[in-house]
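Data from entry.txt: compact mmCIF, C-alpha atoms and all ligand atoms
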```
# COMPACT_ATOMS: atom_id res chain seq x y z
CA MET E 66 0.00 0.00 0.00
CA ASN E 67 2.90 2.34 0.65
CA ASP E 68 4.49 1.79 -2.75
CA PRO E 69 4.46 5.30 -4.28
CA VAL E 70 4.07 3.84 -7.76
CA ALA E 71 1.13 1.64 -6.83
CA SER E 72 -0.61 4.54 -5.11
CA ALA E 73 -0.12 6.93 -8.02
CA ALA E 74 -3.53 6.27 -9.60
CA GLY E 75 -5.64 9.39 -9.21
CA THR E 76 -2.60 11.44 -8.17
CA ARG E 77 -2.61 14.81 -9.82
CA LEU E 78 -0.08 17.45 -10.77
CA ARG E 79 -0.62 20.98 -11.97
CA VAL E 80 0.67 21.05 -15.55
CA CYS E 81 1.54 24.20 -17.47
CA GLU E 82 2.10 22.50 -20.83
CA ILE E 83 3.16 19.27 -22.51
CA PHE E 84 4.84 19.62 -25.88
CA HIS E 85 7.17 17.97 -28.37
CA SER E 86 10.32 19.85 -29.35
CA ILE E 87 14.09 19.62 -29.70
CA GLN E 88 16.02 19.47 -26.44
CA GLY E 89 18.03 22.69 -26.47
CA GLU E 90 20.18 22.13 -23.37
CA ALA E 91 22.46 19.78 -21.45
CA ASP E 92 23.56 16.25 -22.37
CA ALA E 93 20.48 15.36 -24.41
CA VAL E 94 20.79 18.48 -26.60
CA GLY E 95 19.44 17.93 -30.09
CA TRP E 96 17.20 14.96 -29.27
CA PRO E 97 13.49 15.12 -30.08
CA THR E 98 11.99 15.27 -26.61
CA VAL E 99 8.62 15.52 -24.91
CA PHE E 100 8.61 18.29 -22.31
CA VAL E 101 6.33 18.17 -19.28
CA ARG E 102 6.32 21.66 -17.80
CA LEU E 103 4.83 21.79 -14.31
CA THR E 104 3.25 24.96 -12.94
CA GLY E 105 4.82 27.02 -10.18
CA CYS E 106 8.19 28.16 -8.86
CA PRO E 107 9.18 29.61 -5.46
CA LEU E 108 12.10 31.55 -7.00
CA ARG E 109 12.11 34.73 -9.08
CA CYS E 110 15.36 34.82 -11.07
CA VAL E 111 15.64 38.23 -12.72
CA TRP E 112 16.37 36.71 -16.14
CA CYS E 113 13.72 33.97 -15.95
CA ASP E 114 12.39 33.06 -19.41
CA THR E 115 9.44 30.93 -18.26
CA GLU E 116 7.48 33.35 -16.07
CA TYR E 117 4.30 32.17 -17.80
CA SER E 118 4.71 28.89 -15.89
CA PHE E 119 4.40 30.52 -12.45
CA HIS E 120 0.59 30.43 -12.44
CA GLY E 121 -2.30 28.72 -14.16
CA GLY E 122 -2.13 25.36 -15.88
CA GLN E 123 -4.41 22.36 -15.45
CA TRP E 124 -4.60 19.65 -12.81
CA GLN E 125 -3.93 16.33 -14.52
CA ASP E 126 -3.72 12.74 -13.30
CA ILE E 127 -0.27 11.24 -13.60
CA ASP E 128 -1.80 8.44 -15.69
CA ALA E 129 -3.14 11.06 -18.13
CA ILE E 130 0.26 12.76 -18.31
CA LEU E 131 1.93 9.41 -19.05
CA ALA E 132 -0.61 8.71 -21.80
CA GLN E 133 0.06 12.08 -23.46
CA VAL E 134 3.80 11.51 -23.30
CA ALA E 135 3.45 7.99 -24.74
CA ALA E 136 1.37 9.31 -27.65
CA TYR E 137 4.39 11.18 -29.01
CA GLY E 138 6.40 7.94 -29.31
CA THR E 139 9.59 9.68 -28.16
CA ARG E 140 12.29 8.12 -25.98
CA HIS E 141 13.48 11.34 -24.32
CA VAL E 142 11.29 13.12 -21.76
CA CYS E 143 12.22 16.27 -19.85
CA VAL E 144 10.34 17.33 -16.72
CA THR E 145 10.78 21.05 -16.22
CA GLY E 146 9.07 24.19 -14.92
CA GLY E 147 8.92 26.53 -13.19
CA GLU E 148 10.46 24.40 -10.47
CA PRO E 149 8.97 20.93 -10.91
CA LEU E 150 10.07 19.73 -7.46
CA ALA E 151 7.85 22.38 -5.88
CA GLN E 152 5.10 19.78 -6.39
CA LYS E 153 6.01 16.78 -4.24
CA ARG E 154 4.21 14.33 -6.53
CA CYS E 155 6.72 15.18 -9.24
CA LEU E 156 8.85 12.40 -7.70
CA ILE E 157 6.12 9.88 -8.58
CA LEU E 158 5.88 11.19 -12.14
CA LEU E 159 9.65 10.84 -12.58
CA GLU E 160 9.60 7.26 -11.32
CA ARG E 161 6.67 6.32 -13.55
CA LEU E 162 8.35 7.83 -16.62
CA CYS E 163 11.49 5.79 -15.92
CA GLN E 164 9.42 2.64 -15.46
CA ALA E 165 7.78 3.30 -18.82
CA GLY E 166 11.23 3.04 -20.41
CA HIS E 167 11.92 6.71 -21.11
CA GLU E 168 15.24 8.52 -20.87
CA VAL E 169 14.19 11.09 -18.29
CA SER E 170 15.81 14.40 -17.42
CA LEU E 171 14.79 16.86 -14.71
CA GLU E 172 15.49 20.59 -14.84
CA THR E 173 15.62 21.95 -11.32
CA SER E 174 16.64 25.21 -9.69
CA GLY E 175 18.98 23.71 -7.10
CA ALA E 176 16.97 25.34 -4.34
CA LEU E 177 14.88 22.28 -3.44
CA ASP E 178 15.97 18.89 -2.10
CA VAL E 179 16.81 16.45 -4.92
CA SER E 180 17.60 13.46 -2.67
CA GLY E 181 14.29 11.72 -3.48
CA VAL E 182 14.67 11.86 -7.27
CA ASP E 183 14.75 8.44 -8.96
CA PRO E 184 18.43 7.60 -9.57
CA ARG E 185 17.68 6.77 -13.23
CA VAL E 186 16.74 10.41 -13.86
CA HIS E 187 19.39 12.71 -15.29
CA LYS E 188 19.25 15.78 -13.08
CA VAL E 189 20.15 19.12 -14.65
CA MET E 190 20.57 21.24 -11.54
CA ASP E 191 21.17 24.97 -11.50
CA LEU E 192 23.52 26.77 -9.18
CA LYS E 193 22.16 30.30 -8.99
CA ALA E 194 24.82 32.97 -9.49
CA PRO E 195 24.47 36.42 -7.87
CA GLY E 196 23.16 38.00 -11.08
CA SER E 197 20.04 35.84 -10.83
CA GLY E 198 19.05 37.58 -7.58
CA GLU E 199 18.50 34.12 -6.04
CA ALA E 200 22.00 32.97 -5.02
CA ALA E 201 20.93 32.74 -1.38
CA ARG E 202 18.54 29.92 -2.35
CA ASN E 203 21.23 27.44 -3.43
CA LEU E 204 20.82 24.27 -1.39
CA TRP E 205 24.45 23.19 -1.22
CA ALA E 206 23.60 19.82 0.36
CA ASN E 207 22.21 18.86 -3.05
CA LEU E 208 25.74 18.48 -4.37
CA GLU E 209 26.04 15.24 -2.36
CA HIS E 210 23.16 13.74 -4.35
CA LEU E 211 24.63 14.29 -7.80
CA ARG E 212 25.63 11.27 -9.91
CA ALA E 213 28.08 11.10 -12.78
CA HIS E 214 25.22 11.28 -15.31
CA ASP E 215 23.83 14.49 -13.78
CA GLN E 216 24.76 18.02 -14.72
CA VAL E 217 25.27 21.27 -12.85
CA LYS E 218 24.37 24.40 -14.79
CA VAL E 219 25.38 27.97 -13.99
CA VAL E 220 23.60 30.69 -15.95
CA ILE E 221 26.00 33.62 -16.23
CA ALA E 222 24.95 37.24 -16.72
CA ASP E 223 28.31 39.03 -16.49
CA ARG E 224 31.94 38.79 -15.40
CA ALA E 225 31.00 38.89 -11.71
CA ASP E 226 28.81 35.81 -12.19
CA TYR E 227 31.60 34.12 -14.12
CA ASP E 228 34.11 34.77 -11.32
CA TRP E 229 31.58 33.47 -8.77
CA ALA E 230 31.05 30.31 -10.84
CA CYS E 231 34.80 29.69 -11.14
CA ALA E 232 35.20 30.03 -7.37
CA ARG E 233 32.36 27.54 -6.70
CA LEU E 234 33.78 25.16 -9.34
CA HIS E 235 37.04 24.93 -7.43
CA GLU E 236 35.60 25.18 -3.91
CA HIS E 237 33.22 22.22 -4.44
CA ASP E 238 35.31 20.30 -7.00
CA LEU E 239 32.23 20.32 -9.20
CA ALA E 240 33.85 18.91 -12.34
CA ALA E 241 34.82 15.75 -10.42
CA ARG E 242 31.17 15.18 -9.48
CA CYS E 243 29.50 15.52 -12.87
CA THR E 244 29.46 17.60 -16.05
CA VAL E 245 29.41 21.34 -15.39
CA LEU E 246 27.66 23.65 -17.87
CA PHE E 247 28.18 27.40 -18.15
CA SER E 248 25.45 29.14 -20.10
CA PRO E 249 25.21 32.87 -20.93
CA VAL E 250 22.06 34.82 -20.12
CA HIS E 251 20.35 35.18 -23.49
CA GLY E 252 20.57 38.79 -24.68
CA LYS E 253 22.83 39.89 -21.81
CA LEU E 254 26.19 38.13 -22.19
CA GLY E 255 27.58 37.03 -25.55
CA ALA E 256 28.34 33.33 -25.90
CA ARG E 257 31.65 34.19 -27.59
CA GLN E 258 32.71 36.33 -24.62
CA LEU E 259 31.92 33.49 -22.21
CA ALA E 260 33.76 31.02 -24.46
CA GLU E 261 36.86 33.23 -24.47
CA TRP E 262 36.87 33.48 -20.67
CA MET E 263 36.51 29.69 -20.37
CA LEU E 264 39.33 29.04 -22.82
CA ALA E 265 41.64 31.56 -21.18
CA ASP E 266 41.11 29.91 -17.79
CA ARG E 267 41.32 26.30 -19.14
CA LEU E 268 38.10 25.42 -17.34
CA PRO E 269 36.88 21.77 -17.28
CA VAL E 270 33.42 23.03 -18.17
CA ARG E 271 31.08 22.79 -21.18
CA LEU E 272 29.73 25.89 -22.88
CA GLN E 273 25.99 25.69 -23.37
CA VAL E 274 24.08 27.83 -25.80
CA GLN E 275 20.33 27.26 -25.79
CA MET E 276 19.64 25.62 -29.15
CA HIS E 277 15.86 26.05 -28.91
CA LYS E 278 16.34 29.85 -28.76
CA GLN E 279 18.27 29.76 -32.02
CA LEU E 280 15.45 27.73 -33.57
CA TRP E 281 12.35 29.42 -32.12
CA GLY E 282 13.38 32.46 -30.04
CA ASP E 283 11.47 32.90 -26.79
CA ALA E 284 8.19 31.42 -28.00
CA PRO E 285 6.42 29.26 -25.38
CA GLY E 286 5.91 25.61 -26.32
CA HIS E 287 9.51 25.12 -27.46
S1 LIG W 1 14.14 28.79 -10.89
FE1 LIG W 1 13.79 28.64 -13.11
S2 LIG W 1 11.56 28.91 -13.38
FE2 LIG W 1 12.07 29.61 -11.30
S3 LIG W 1 12.38 31.83 -11.50
FE3 LIG W 1 14.40 30.84 -11.72
S4 LIG W 1 14.67 30.53 -13.93
FE4 LIG W 1 12.47 30.94 -13.57
```
What's the structure tokens form of this structure?
Amino acid sequence: MNDPVASAAGTRLRVCEIFHSIQGEADAVGWPTVFVRLTGCPLRCVWCDTEYSFHGGQWQDIDAILAQVAAYGTRHVCVTGGEPLAQKRCLILLERLCQAGHEVSLETSGALDVSGVDPRVHKVMDLKAPGSGEAARNLWANLEHLRAHDQVKVVIADRADYDWACARLHEHDLAARCTVLFSPVHGKLGARQLAEWMLADRLPVRLQVQMHKQLWGDAPGH
């Protein structure tokens, strides 16, 4: 009776949107992917590009979400937000998606506990730099729950953010834990500038440019 999977029937999540697109970020970049965007986020990063996900959406049974995902016939699934872990039942959705045979990734702010996430899920966890306005929310204990297949992402607005990210990289030996991604704030820091800083400093870090923004700009549903 206490099996979270068995008790999932009738369990609902508030869903902002479910859509089929190209994964624009992290290790699965370029793969056709179904995105499940959950409603709500307790953070307010100044450069947030998904503010439309903070409110609204529809309550949906996890079984109905799984059926919509299955209808696309796509191996890769990304659970995102908002902050998907703000809804506790997200953990059940992640487990059910893994059981259904999907390659599952989770995009999370790094502010909420990730210890309960199914180990098969590839976590893409932010560390919030000062330019986000939310650096005080970083839950550093989360670093102990990262696996080699996970990724840490730092979104960088300016040189001060970059210097902060380099300091955290060394302080927490991040590159030894998992892949580390540095990504420029779209429209604020040029990707070439960030690339030049990374090369000059010989960082063991991957540059990430959001592919979906090159393809579709800021349009929701991509
Ligand atoms: S954590 Fe993500 S969804 Fe929430 S405000 Fe920051 S960028 Fe936006």
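You can rank E:Arg267, E:His237, E:Arg185, E:His85 by their closest distance to E:Gln164 using all atoms listed in the file, and at the top of that list sits E:Arg185.
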How close does chain E get to ligand LIG 1 (chain W)? List, as JSON lines, each residue of chain E within 9 Å, its nearest atom pair and the distance in Å to one decimal, counting all atoms listed in the file.
```
{"residue": "E:Gly105", "atom": "CA", "partner": "W:LIG1", "partner_atom": "S2", "distance": 7.7}
{"residue": "E:Cys106", "atom": "CA", "partner": "W:LIG1", "partner_atom": "FE2", "distance": 4.8}
{"residue": "E:Pro107", "atom": "CA", "partner": "W:LIG1", "partner_atom": "FE2", "distance": 6.5}
{"residue": "E:Leu108", "atom": "CA", "partner": "W:LIG1", "partner_atom": "S3", "distance": 4.5}
{"residue": "E:Arg109", "atom": "CA", "partner": "W:LIG1", "partner_atom": "S3", "distance": 3.8}
{"residue": "E:Cys110", "atom": "CA", "partner": "W:LIG1", "partner_atom": "FE3", "distance": 4.1}
{"residue": "E:Val111", "atom": "CA", "partner": "W:LIG1", "partner_atom": "S3", "distance": 7.3}
{"residue": "E:Trp112", "atom": "CA", "partner": "W:LIG1", "partner_atom": "S4", "distance": 6.8}
{"residue": "E:Cys113", "atom": "CA", "partner": "W:LIG1", "partner_atom": "FE4", "distance": 4.1}
{"residue": "E:Asp114", "atom": "CA", "partner": "W:LIG1", "partner_atom": "FE4", "distance": 6.2}
{"residue": "E:Thr115", "atom": "CA", "partner": "W:LIG1", "partner_atom": "FE4", "distance": 5.6}
{"residue": "E:Glu116", "atom": "CA", "partner": "W:LIG1", "partner_atom": "FE4", "distance": 6.1}
{"residue": "E:Ser118", "atom": "CA", "partner": "W:LIG1", "partner_atom": "S2", "distance": 7.3}
{"residue": "E:Phe119", "atom": "CA", "partner": "W:LIG1", "partner_atom": "S2", "distance": 7.4}
{"residue": "E:Thr145", "atom": "CA", "partner": "W:LIG1", "partner_atom": "S2", "distance": 8.4}
{"residue": "E:Gly146", "atom": "CA", "partner": "W:LIG1", "partner_atom": "S2", "distance": 5.6}
{"residue": "E:Gly147", "atom": "CA", "partner": "W:LIG1", "partner_atom": "S2", "distance": 3.6}
{"residue": "E:Glu148", "atom": "CA", "partner": "W:LIG1", "partner_atom": "S2", "distance": 5.5}
{"residue": "E:Pro149", "atom": "CA", "partner": "W:LIG1", "partner_atom": "S2", "distance": 8.7}
{"residue": "E:Glu172", "atom": "CA", "partner": "W:LIG1", "partner_atom": "FE1", "distance": 8.4}
{"residue": "E:Thr173", "atom": "CA", "partner": "W:LIG1", "partner_atom": "S1", "distance": 7.0}
{"residue": "E:Ser174", "atom": "CA", "partner": "W:LIG1", "partner_atom": "S1", "distance": 4.5}
{"residue": "E:Gly175", "atom": "CA", "partner": "W:LIG1", "partner_atom": "S1", "distance": 8.0}
{"residue": "E:Ala176", "atom": "CA", "partner": "W:LIG1", "partner_atom": "S1", "distance": 7.9}
{"residue": "E:Asp191", "atom": "CA", "partner": "W:LIG1", "partner_atom": "S1", "distance": 8.0}
{"residue": "E:Lys193", "atom": "CA", "partner": "W:LIG1", "partner_atom": "FE3", "distance": 8.2}
{"residue": "E:Ser197", "atom": "CA", "partner": "W:LIG1", "partner_atom": "FE3", "distance": 7.6}
{"residue": "E:Glu199", "atom": "CA", "partner": "W:LIG1", "partner_atom": "FE3", "distance": 7.7}
```
Using C-alpha atoms, can you export the residues from the last selection as a compact mmCIF listing (two decimals), keeping the file's coordinate frame?
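Full text of again-v2.txt as output:
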```
# COMPACT_ATOMS: atom_id res chain seq x y z
CA GLY E 105 4.82 27.02 -10.18
CA CYS E 106 8.19 28.16 -8.86
CA PRO E 107 9.18 29.61 -5.46
CA LEU E 108 12.10 31.55 -7.00
CA ARG E 109 12.11 34.73 -9.08
CA CYS E 110 15.36 34.82 -11.07
CA VAL E 111 15.64 38.23 -12.72
CA TRP E 112 16.37 36.71 -16.14
CA CYS E 113 13.72 33.97 -15.95
CA ASP E 114 12.39 33.06 -19.41
CA THR E 115 9.44 30.93 -18.26
CA GLU E 116 7.48 33.35 -16.07
CA SER E 118 4.71 28.89 -15.89
CA PHE E 119 4.40 30.52 -12.45
CA THR E 145 10.78 21.05 -16.22
CA GLY E 146 9.07 24.19 -14.92
CA GLY E 147 8.92 26.53 -13.19
CA GLU E 148 10.46 24.40 -10.47
CA PRO E 149 8.97 20.93 -10.91
CA GLU E 172 15.49 20.59 -14.84
CA THR E 173 15.62 21.95 -11.32
CA SER E 174 16.64 25.21 -9.69
CA GLY E 175 18.98 23.71 -7.10
CA ALA E 176 16.97 25.34 -4.34
CA ASP E 191 21.17 24.97 -11.50
CA LYS E 193 22.16 30.30 -8.99
CA SER E 197 20.04 35.84 -10.83
CA GLU E 199 18.50 34.12 -6.04
```
- Message: Using only C-alpha atoms for the distances, tell me which of E:Ala151, E:Leu158, E:Val99, E:Ile221 is nearest to E:Arg77.
- Response: E:Leu158
Quick one: residues within 9 Å of E:Arg154, all atoms listed in the file counted, chain neighbours fewer than 6 positions away excluded, as a PDB file with C-alpha atoms, in the coordinates of the input?
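What follows is the written file around37.pdb:
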```pdb
ATOM      1  CA  ALA E  73      -0.120   6.930  -8.020  1.00  0.00           C
ATOM      2  CA  THR E  76      -2.600  11.440  -8.170  1.00  0.00           C
ATOM      3  CA  ARG E  77      -2.610  14.810  -9.820  1.00  0.00           C
ATOM      4  CA  LEU E  78      -0.080  17.450 -10.770  1.00  0.00           C
ATOM      5  CA  ILE E 127      -0.270  11.240 -13.600  1.00  0.00           C
TER       6      ILE E 127
END
```
- Which of these residues is nearest to E:Glu160, using all atoms listed in the file: E:Val179, E:Val101, E:Val186, E:Val94?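 Looking at the shortest contact to E:Glu160, the residue is E:Val186.
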- Would you list the contacts of E:Asp92 as number ranges by chain, taking every protein, DNA or RNA residue within 12 Å and counting all atoms listed in the file, but skipping same-chain residues closer than 4 positions in sequence? E: 88, 96, 141, 143, 168-172, 187-189, 213-218, 243-246, 271-273, 275
- Message: Please report the interatomic distance between atom CA of E:His287 and atom CA of E:Pro97 in Å with one decimal.
- Response: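 Between atom CA of E:His287 and atom CA of E:Pro97 the gap works out to 11.1 Å.
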- Using all atoms listed in the file, the best pick from E:Pro195, E:Tyr227, E:Leu103, E:Arg79 as closest to E:Trp124 would be E:Arg79
- Item | Point-to-point distance from atom CA of E:Lys278 to atom CA of E:Phe84, Å rounded to tenths | 15.7 Å
- Task: To one decimal in Å, tell me the separation between atom CA of E:Leu156 and atom CA of E:Val182.
- Result: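 Taking atom CA of E:Leu156 and atom CA of E:Val182, their separation equals 5.9 Å.
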- Item | Nearest to E:Arg161 by atom-to-atom distance, counting only C-alpha atoms, from E:Asp128, E:Asp223, E:Glu236, E:Asp178 |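 Going through E:Asp128, E:Asp223, E:Glu236, E:Asp178 one by one, the smallest distance to E:Arg161 is for E:Asp128.
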- Task: May I ask which of the residues E:Val274, E:Cys155, E:Thr98, E:Gly138 is the closest one to E:Val80, counting all atoms listed in the file?
- Result: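 For E:Val80, the nearest of the candidates is E:Cys155.
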- Residues near E:His235, cut-off 12 Å, only C-alpha atoms, skip fewer than 5 positions along chain, as a PyMOL selection string: chain E and resi 228-230+240-242+245+268-270
- Message: Can you tell me which residues surround E:His167 at a distance of at most 9 Å, considering all atoms listed in the file, apart from same-chain residues fewer than 3 positions away, and format the answer as a PyMOL selection string?
- Response: chain E and resi 139-142+162-164
Incomplete stretch 96-120 of chain E filled out to N, CA, C and O atoms as an mmCIF file, in the coordinates of the input:
```cif
data_model
loop_
_atom_site.group_PDB
_atom_site.id
_atom_site.type_symbol
_atom_site.label_atom_id
_atom_site.label_comp_id
_atom_site.auth_asym_id
_atom_site.auth_seq_id
_atom_site.Cartn_x
_atom_site.Cartn_y
_atom_site.Cartn_z
ATOM 1 N N TRP E 96 18.132 16.083 -29.161
ATOM 2 C CA TRP E 96 17.200 14.960 -29.270
ATOM 3 C C TRP E 96 15.755 15.460 -29.303
ATOM 4 O O TRP E 96 15.380 16.305 -28.487
ATOM 5 N N PRO E 97 14.938 14.891 -30.208
ATOM 6 C CA PRO E 97 13.490 15.120 -30.080
ATOM 7 C C PRO E 97 13.038 14.654 -28.693
ATOM 8 O O PRO E 97 13.400 13.553 -28.265
ATOM 9 N N THR E 98 12.290 15.485 -28.033
ATOM 10 C CA THR E 98 11.990 15.270 -26.610
ATOM 11 C C THR E 98 10.569 15.738 -26.313
ATOM 12 O O THR E 98 10.112 16.737 -26.862
ATOM 13 N N VAL E 99 9.879 15.016 -25.442
ATOM 14 C CA VAL E 99 8.620 15.520 -24.910
ATOM 15 C C VAL E 99 8.921 16.256 -23.608
ATOM 16 O O VAL E 99 9.601 15.715 -22.727
ATOM 17 N N PHE E 100 8.423 17.470 -23.508
ATOM 18 C CA PHE E 100 8.610 18.290 -22.310
ATOM 19 C C PHE E 100 7.312 18.308 -21.508
ATOM 20 O O PHE E 100 6.239 18.558 -22.056
ATOM 21 N N VAL E 101 7.446 18.031 -20.211
ATOM 22 C CA VAL E 101 6.330 18.170 -19.280
ATOM 23 C C VAL E 101 6.688 19.336 -18.372
ATOM 24 O O VAL E 101 7.596 19.224 -17.540
ATOM 25 N N ARG E 102 6.019 20.463 -18.591
ATOM 26 C CA ARG E 102 6.320 21.660 -17.800
ATOM 27 C C ARG E 102 5.281 21.799 -16.693
ATOM 28 O O ARG E 102 4.096 22.001 -16.988
ATOM 29 N N LEU E 103 5.731 21.664 -15.445
ATOM 30 C CA LEU E 103 4.830 21.790 -14.310
ATOM 31 C C LEU E 103 4.695 23.252 -13.901
ATOM 32 O O LEU E 103 5.635 24.041 -14.057
ATOM 33 N N THR E 104 3.547 23.581 -13.349
ATOM 34 C CA THR E 104 3.250 24.960 -12.940
ATOM 35 C C THR E 104 3.908 25.269 -11.586
ATOM 36 O O THR E 104 3.928 24.423 -10.698
ATOM 37 N N GLY E 105 4.399 26.508 -11.477
ATOM 38 C CA GLY E 105 4.820 27.020 -10.180
ATOM 39 C C GLY E 105 6.316 27.041 -9.973
ATOM 40 O O GLY E 105 7.047 26.185 -10.483
ATOM 41 N N CYS E 106 6.790 28.066 -9.250
ATOM 42 C CA CYS E 106 8.190 28.160 -8.860
ATOM 43 C C CYS E 106 8.287 29.110 -7.665
ATOM 44 O O CYS E 106 7.714 30.199 -7.700
ATOM 45 N N PRO E 107 9.025 28.719 -6.614
ATOM 46 C CA PRO E 107 9.180 29.610 -5.460
ATOM 47 C C PRO E 107 10.289 30.641 -5.648
ATOM 48 O O PRO E 107 10.496 31.472 -4.760
ATOM 49 N N LEU E 108 11.022 30.589 -6.748
ATOM 50 C CA LEU E 108 12.100 31.550 -7.000
ATOM 51 C C LEU E 108 11.618 32.625 -7.984
ATOM 52 O O LEU E 108 10.583 32.469 -8.634
ATOM 53 N N ARG E 109 12.415 33.665 -8.105
ATOM 54 C CA ARG E 109 12.110 34.730 -9.080
ATOM 55 C C ARG E 109 13.434 35.246 -9.665
ATOM 56 O O ARG E 109 13.844 36.392 -9.411
ATOM 57 N N CYS E 110 14.104 34.403 -10.430
ATOM 58 C CA CYS E 110 15.360 34.820 -11.070
ATOM 59 C C CYS E 110 15.078 36.000 -12.006
ATOM 60 O O CYS E 110 14.095 35.966 -12.763
ATOM 61 N N VAL E 111 15.951 37.003 -11.987
ATOM 62 C CA VAL E 111 15.640 38.230 -12.720
ATOM 63 C C VAL E 111 15.595 37.995 -14.224
ATOM 64 O O VAL E 111 14.880 38.685 -14.946
ATOM 65 N N TRP E 112 16.338 36.984 -14.703
ATOM 66 C CA TRP E 112 16.370 36.710 -16.140
ATOM 67 C C TRP E 112 15.476 35.550 -16.533
ATOM 68 O O TRP E 112 15.598 35.006 -17.636
ATOM 69 N N CYS E 113 14.560 35.146 -15.676
ATOM 70 C CA CYS E 113 13.720 33.970 -15.950
ATOM 71 C C CYS E 113 13.021 34.111 -17.302
ATOM 72 O O CYS E 113 12.450 35.160 -17.612
ATOM 73 N N ASP E 114 13.047 33.031 -18.096
ATOM 74 C CA ASP E 114 12.390 33.060 -19.410
ATOM 75 C C ASP E 114 11.129 32.205 -19.447
ATOM 76 O O ASP E 114 10.586 31.951 -20.529
ATOM 77 N N THR E 115 10.675 31.731 -18.280
ATOM 78 C CA THR E 115 9.440 30.930 -18.260
ATOM 79 C C THR E 115 8.473 31.452 -17.189
ATOM 80 O O THR E 115 7.814 30.665 -16.502
ATOM 81 N N GLU E 116 8.365 32.776 -17.096
ATOM 82 C CA GLU E 116 7.480 33.350 -16.070
ATOM 83 C C GLU E 116 6.025 32.931 -16.290
ATOM 84 O O GLU E 116 5.242 32.905 -15.344
ATOM 85 N N TYR E 117 5.694 32.598 -17.524
ATOM 86 C CA TYR E 117 4.300 32.170 -17.800
ATOM 87 C C TYR E 117 3.954 30.867 -17.080
ATOM 88 O O TYR E 117 2.777 30.508 -16.981
ATOM 89 N N SER E 118 4.977 30.162 -16.576
ATOM 90 C CA SER E 118 4.710 28.890 -15.890
ATOM 91 C C SER E 118 4.452 29.083 -14.394
ATOM 92 O O SER E 118 4.163 28.120 -13.692
ATOM 93 N N PHE E 119 4.547 30.308 -13.898
ATOM 94 C CA PHE E 119 4.400 30.520 -12.450
ATOM 95 C C PHE E 119 2.969 30.257 -11.976
ATOM 96 O O PHE E 119 2.748 29.873 -10.835
ATOM 97 N N HIS E 120 2.005 30.522 -12.834
ATOM 98 C CA HIS E 120 0.590 30.430 -12.440
ATOM 99 C C HIS E 120 -0.190 29.693 -13.522
ATOM 100 O O HIS E 120 0.285 29.537 -14.643
#
```
